[in-house]
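S.K.: What follows is a single structure, and I will ask about it in a moment.
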Amino acid sequence: MDGDRRRWRQCLLGGAVFAVCMAGTTLPTPLYGLYQEKFGFSELMVTVVYAVYAFGVIGVLLLAGNASDTVGRRPVLLAGLAFSAASAVCFLCATGMGWLYAGRLLSGLSAGLFTGAATAYVMELAPKGGTSRATFVATAANMGGLGCGPLLAGVLAQYAAWPLYLPFVVHLALVAVSAAVLARLPETVRDRRPLSTVRPQRPGLPPQVRSVFAPAAIASFVGFALFGVFTSVSPAFLAKSLDVHNHAVTGLIVALAFFASTAGQLAVGRIGVGRSLPLGCAGLLAGLALLAGALWWDLLALVVASAVVGGVGQGLAFRGALSAVAAASPPDRRAAVISMLFVVAYTGISLPVIGVGLLVGPIGLEGAGLVFIACMAVLVVAAAGYLLRRPARAPA
């Protein structure tokens, strides 16, 4: 019993480190308006800056997504924290767009190292028989951390001094504490090999994972696409269309989507993996409909409702997808397979975001948002139909 309690404490500490890293990736979200005023760039540049992060994540996942299976979880996570700290330093030194691009790229590198490795690490730190709860800890740390970033930055930017500096100073302190915590946690990879043996992974999957991976990837793509556009564009919509200039309110609304995702993930244990994926798609469709209403009628209440409903749908779909994929993966390739799932998810973040940015000029922010919603609605319906015909199986 004492051993289980110690393992759960280690699992939760690993989740806390995961959350700190992910919070750093969304920290600039409520600050983009301030950077626009300071450097004078367009909405397209906001989406490009945001998408640079996704390209960094995808690059690391493809080139080194299996690194922690080879050299161990802790060395990879410590490297991820170093990139996170370097990203914060870039934002602290920012005197032009180049610094923002560099900061977002480094942030993407940190997230790319963390996503697969930290998810596998948190699950492996849990005691035997605790896989389901550990999966929730990992996904909640991921989404909860993403939600805490804009909330922390928004509150500090609105109510404290140095709005473009203090959030990153606080994050640097949290990263230092996280590194100290990680140094005291055990390594979970027993058969470790030198870094020189790490090779870029080909986009392939073990045969036993393929039937599970397809519906999981579809659901993840749609959910992350909604979050990507919501996170990058909603601050500008709140300021320009709804006259919401309070950075704390902007950060809270964005954070609600991620917190609602955590609530959706918690519900998967009762709903079941097989049903959570199609139900998650239904929630995403409802969230898209609410967001369309918010854009059409300029209603703040519908923006909030969209964040909550869409977030719950994303959480249902994402945890169901992650549980199914992790359960079907062989232990020695689990982190690599999870990394491939995140490659699909972060492709959903990057491509639609840039598409919206390109459309803002000719048809305006609201029009670009409505085009995105229409495209995602078609994809959600197609994904739900696929999942109903080929439901993901619950993990054994």
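Residue names in the structure tokens use chain letters A, B, ... in the order shown, residue numbers from 1 in each chain, and ligand numbers from 1 in the order shown.
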Would you mind listing what lies within 12 Å of Ala239 in chain A as a ChimeraX atom specification, with only C-alpha atoms counted and same-chain residues fewer than 2 positions away left out?
M.R.: /A:30-34,233-237,241-247,249-250,298,300,365
S.K.: Which polymer residues have any atom within 8 Å of an atom of range 315-318 of chain A, counting only C-alpha atoms, with same-chain residues fewer than 3 positions away left out, as a list in words?
M.R.: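 What passes the distance filter is Ala216, Ala219, Ser220, Gly223, Ala260, Ser261, Thr262, Ala263, Gly264, Gln265, Ala267, Val268, Ser276, Leu277, Pro278, Leu279, Gly280, Cys281, Gly311, Val312, Ala321 and Leu322 of chain A.
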S.K.: I need the chosen residues saved as a PDB file, in the first residue's frame, with N, CA, C and O atoms.
M.R.:
```pdb
ATOM      1  N   ALA A 216      -8.748   7.144 -33.935  1.00  0.00           N
ATOM      2  CA  ALA A 216      -8.144   8.007 -32.921  1.00  0.00           C
ATOM      3  C   ALA A 216      -7.514   9.240 -33.558  1.00  0.00           C
ATOM      4  O   ALA A 216      -7.628  10.359 -33.044  1.00  0.00           O
ATOM      5  N   ALA A 219     -10.252  11.821 -34.758  1.00  0.00           N
ATOM      6  CA  ALA A 219     -10.811  12.588 -33.651  1.00  0.00           C
ATOM      7  C   ALA A 219      -9.804  13.607 -33.117  1.00  0.00           C
ATOM      8  O   ALA A 219     -10.164  14.748 -32.794  1.00  0.00           O
ATOM      9  N   SER A 220      -8.538  13.218 -33.027  1.00  0.00           N
ATOM     10  CA  SER A 220      -7.511  14.129 -32.509  1.00  0.00           C
ATOM     11  C   SER A 220      -7.296  15.311 -33.442  1.00  0.00           C
ATOM     12  O   SER A 220      -7.142  16.453 -32.990  1.00  0.00           O
ATOM     13  N   GLY A 223     -10.270  17.811 -33.032  1.00  0.00           N
ATOM     14  CA  GLY A 223     -10.240  18.501 -31.743  1.00  0.00           C
ATOM     15  C   GLY A 223      -9.127  19.524 -31.652  1.00  0.00           C
ATOM     16  O   GLY A 223      -9.334  20.656 -31.195  1.00  0.00           O
ATOM     17  N   ALA A 260     -12.322  22.684 -19.826  1.00  0.00           N
ATOM     18  CA  ALA A 260     -13.469  21.860 -20.209  1.00  0.00           C
ATOM     19  C   ALA A 260     -13.002  20.556 -20.844  1.00  0.00           C
ATOM     20  O   ALA A 260     -13.631  19.507 -20.666  1.00  0.00           O
ATOM     21  N   SER A 261     -11.892  20.614 -21.580  1.00  0.00           N
ATOM     22  CA  SER A 261     -11.327  19.397 -22.146  1.00  0.00           C
ATOM     23  C   SER A 261     -10.943  18.412 -21.041  1.00  0.00           C
ATOM     24  O   SER A 261     -11.182  17.207 -21.162  1.00  0.00           O
ATOM     25  N   THR A 262     -10.366  18.938 -19.959  1.00  0.00           N
ATOM     26  CA  THR A 262     -10.012  18.079 -18.830  1.00  0.00           C
ATOM     27  C   THR A 262     -11.256  17.424 -18.229  1.00  0.00           C
ATOM     28  O   THR A 262     -11.245  16.242 -17.877  1.00  0.00           O
ATOM     29  N   ALA A 263     -12.349  18.175 -18.114  1.00  0.00           N
ATOM     30  CA  ALA A 263     -13.605  17.616 -17.614  1.00  0.00           C
ATOM     31  C   ALA A 263     -14.122  16.526 -18.552  1.00  0.00           C
ATOM     32  O   ALA A 263     -14.615  15.477 -18.098  1.00  0.00           O
ATOM     33  N   GLY A 264     -14.016  16.752 -19.852  1.00  0.00           N
ATOM     34  CA  GLY A 264     -14.428  15.736 -20.812  1.00  0.00           C
ATOM     35  C   GLY A 264     -13.600  14.465 -20.683  1.00  0.00           C
ATOM     36  O   GLY A 264     -14.129  13.354 -20.775  1.00  0.00           O
ATOM     37  N   GLN A 265     -12.300  14.632 -20.450  1.00  0.00           N
ATOM     38  CA  GLN A 265     -11.435  13.475 -20.271  1.00  0.00           C
ATOM     39  C   GLN A 265     -11.835  12.669 -19.037  1.00  0.00           C
ATOM     40  O   GLN A 265     -11.805  11.435 -19.042  1.00  0.00           O
ATOM     41  N   ALA A 267     -14.728  12.266 -17.875  1.00  0.00           N
ATOM     42  CA  ALA A 267     -15.972  11.533 -18.128  1.00  0.00           C
ATOM     43  C   ALA A 267     -15.765  10.258 -18.932  1.00  0.00           C
ATOM     44  O   ALA A 267     -16.657   9.399 -18.968  1.00  0.00           O
ATOM     45  N   VAL A 268     -14.597  10.114 -19.556  1.00  0.00           N
ATOM     46  CA  VAL A 268     -14.368   8.930 -20.397  1.00  0.00           C
ATOM     47  C   VAL A 268     -14.424   7.648 -19.579  1.00  0.00           C
ATOM     48  O   VAL A 268     -14.891   6.613 -20.056  1.00  0.00           O
ATOM     49  N   SER A 276     -16.822   7.252 -26.268  1.00  0.00           N
ATOM     50  CA  SER A 276     -16.318   8.608 -26.059  1.00  0.00           C
ATOM     51  C   SER A 276     -15.876   9.263 -27.365  1.00  0.00           C
ATOM     52  O   SER A 276     -15.999  10.477 -27.529  1.00  0.00           O
ATOM     53  N   LEU A 277     -15.372   8.486 -28.307  1.00  0.00           N
ATOM     54  CA  LEU A 277     -14.911   9.083 -29.563  1.00  0.00           C
ATOM     55  C   LEU A 277     -16.061   9.664 -30.395  1.00  0.00           C
ATOM     56  O   LEU A 277     -16.012  10.834 -30.770  1.00  0.00           O
ATOM     57  N   PRO A 278     -17.115   8.901 -30.699  1.00  0.00           N
ATOM     58  CA  PRO A 278     -18.227   9.536 -31.440  1.00  0.00           C
ATOM     59  C   PRO A 278     -18.940  10.621 -30.647  1.00  0.00           C
ATOM     60  O   PRO A 278     -19.358  11.641 -31.215  1.00  0.00           O
ATOM     61  N   LEU A 279     -19.085  10.440 -29.313  1.00  0.00           N
ATOM     62  CA  LEU A 279     -19.701  11.488 -28.497  1.00  0.00           C
ATOM     63  C   LEU A 279     -18.828  12.740 -28.483  1.00  0.00           C
ATOM     64  O   LEU A 279     -19.340  13.869 -28.470  1.00  0.00           O
ATOM     65  N   GLY A 280     -17.530  12.556 -28.470  1.00  0.00           N
ATOM     66  CA  GLY A 280     -16.631  13.696 -28.530  1.00  0.00           C
ATOM     67  C   GLY A 280     -16.783  14.466 -29.830  1.00  0.00           C
ATOM     68  O   GLY A 280     -16.777  15.697 -29.844  1.00  0.00           O
ATOM     69  N   CYS A 281     -16.942  13.745 -30.935  1.00  0.00           N
ATOM     70  CA  CYS A 281     -17.172  14.417 -32.215  1.00  0.00           C
ATOM     71  C   CYS A 281     -18.484  15.198 -32.194  1.00  0.00           C
ATOM     72  O   CYS A 281     -18.576  16.295 -32.752  1.00  0.00           O
ATOM     73  N   GLY A 311     -14.728  22.255 -25.790  1.00  0.00           N
ATOM     74  CA  GLY A 311     -13.662  21.699 -24.963  1.00  0.00           C
ATOM     75  C   GLY A 311     -14.016  20.338 -24.407  1.00  0.00           C
ATOM     76  O   GLY A 311     -13.192  19.414 -24.396  1.00  0.00           O
ATOM     77  N   VAL A 312     -15.255  20.170 -23.935  1.00  0.00           N
ATOM     78  CA  VAL A 312     -15.693  18.864 -23.432  1.00  0.00           C
ATOM     79  C   VAL A 312     -15.634  17.824 -24.552  1.00  0.00           C
ATOM     80  O   VAL A 312     -15.160  16.698 -24.357  1.00  0.00           O
ATOM     81  N   ALA A 321      -9.055   8.571 -27.628  1.00  0.00           N
ATOM     82  CA  ALA A 321      -8.061   8.247 -28.650  1.00  0.00           C
ATOM     83  C   ALA A 321      -6.747   7.805 -28.013  1.00  0.00           C
ATOM     84  O   ALA A 321      -6.157   6.789 -28.406  1.00  0.00           O
ATOM     85  N   LEU A 322      -6.285   8.553 -27.019  1.00  0.00           N
ATOM     86  CA  LEU A 322      -5.012   8.241 -26.379  1.00  0.00           C
ATOM     87  C   LEU A 322      -5.072   6.898 -25.653  1.00  0.00           C
ATOM     88  O   LEU A 322      -4.136   6.096 -25.715  1.00  0.00           O
TER      89      LEU A 322
END
```
S.K.: Extract, using only C-alpha atoms, all DNA, RNA and protein residues at most 8 Å from Tyr50 in chain A, discarding same-chain residues fewer than 3 positions from it, and format them as an MDAnalysis selection string.
M.R.: chainID A and resid 46:47 53:54 104 232 350 353
S.K.: For each of A:Ile354, A:Ala336, A:Leu252, A:Val198, take the minimum atom-to-atom distance to Gly154 in chain A, counting only C-alpha atoms, then give the residue where this is smallest.
M.R.: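 Looking at the shortest contact to Gly154 in chain A, the residue is A:Leu252.
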S.K.: Which neighbours of Arg73 in chain A fall inside 9 Å, counting only C-alpha atoms, when residues of the same chain fewer than 4 positions from it are skipped, and could you give them as number ranges by chain?
M.R.: A: 67-69, 77-78, 117-118, 120-121, 187-189
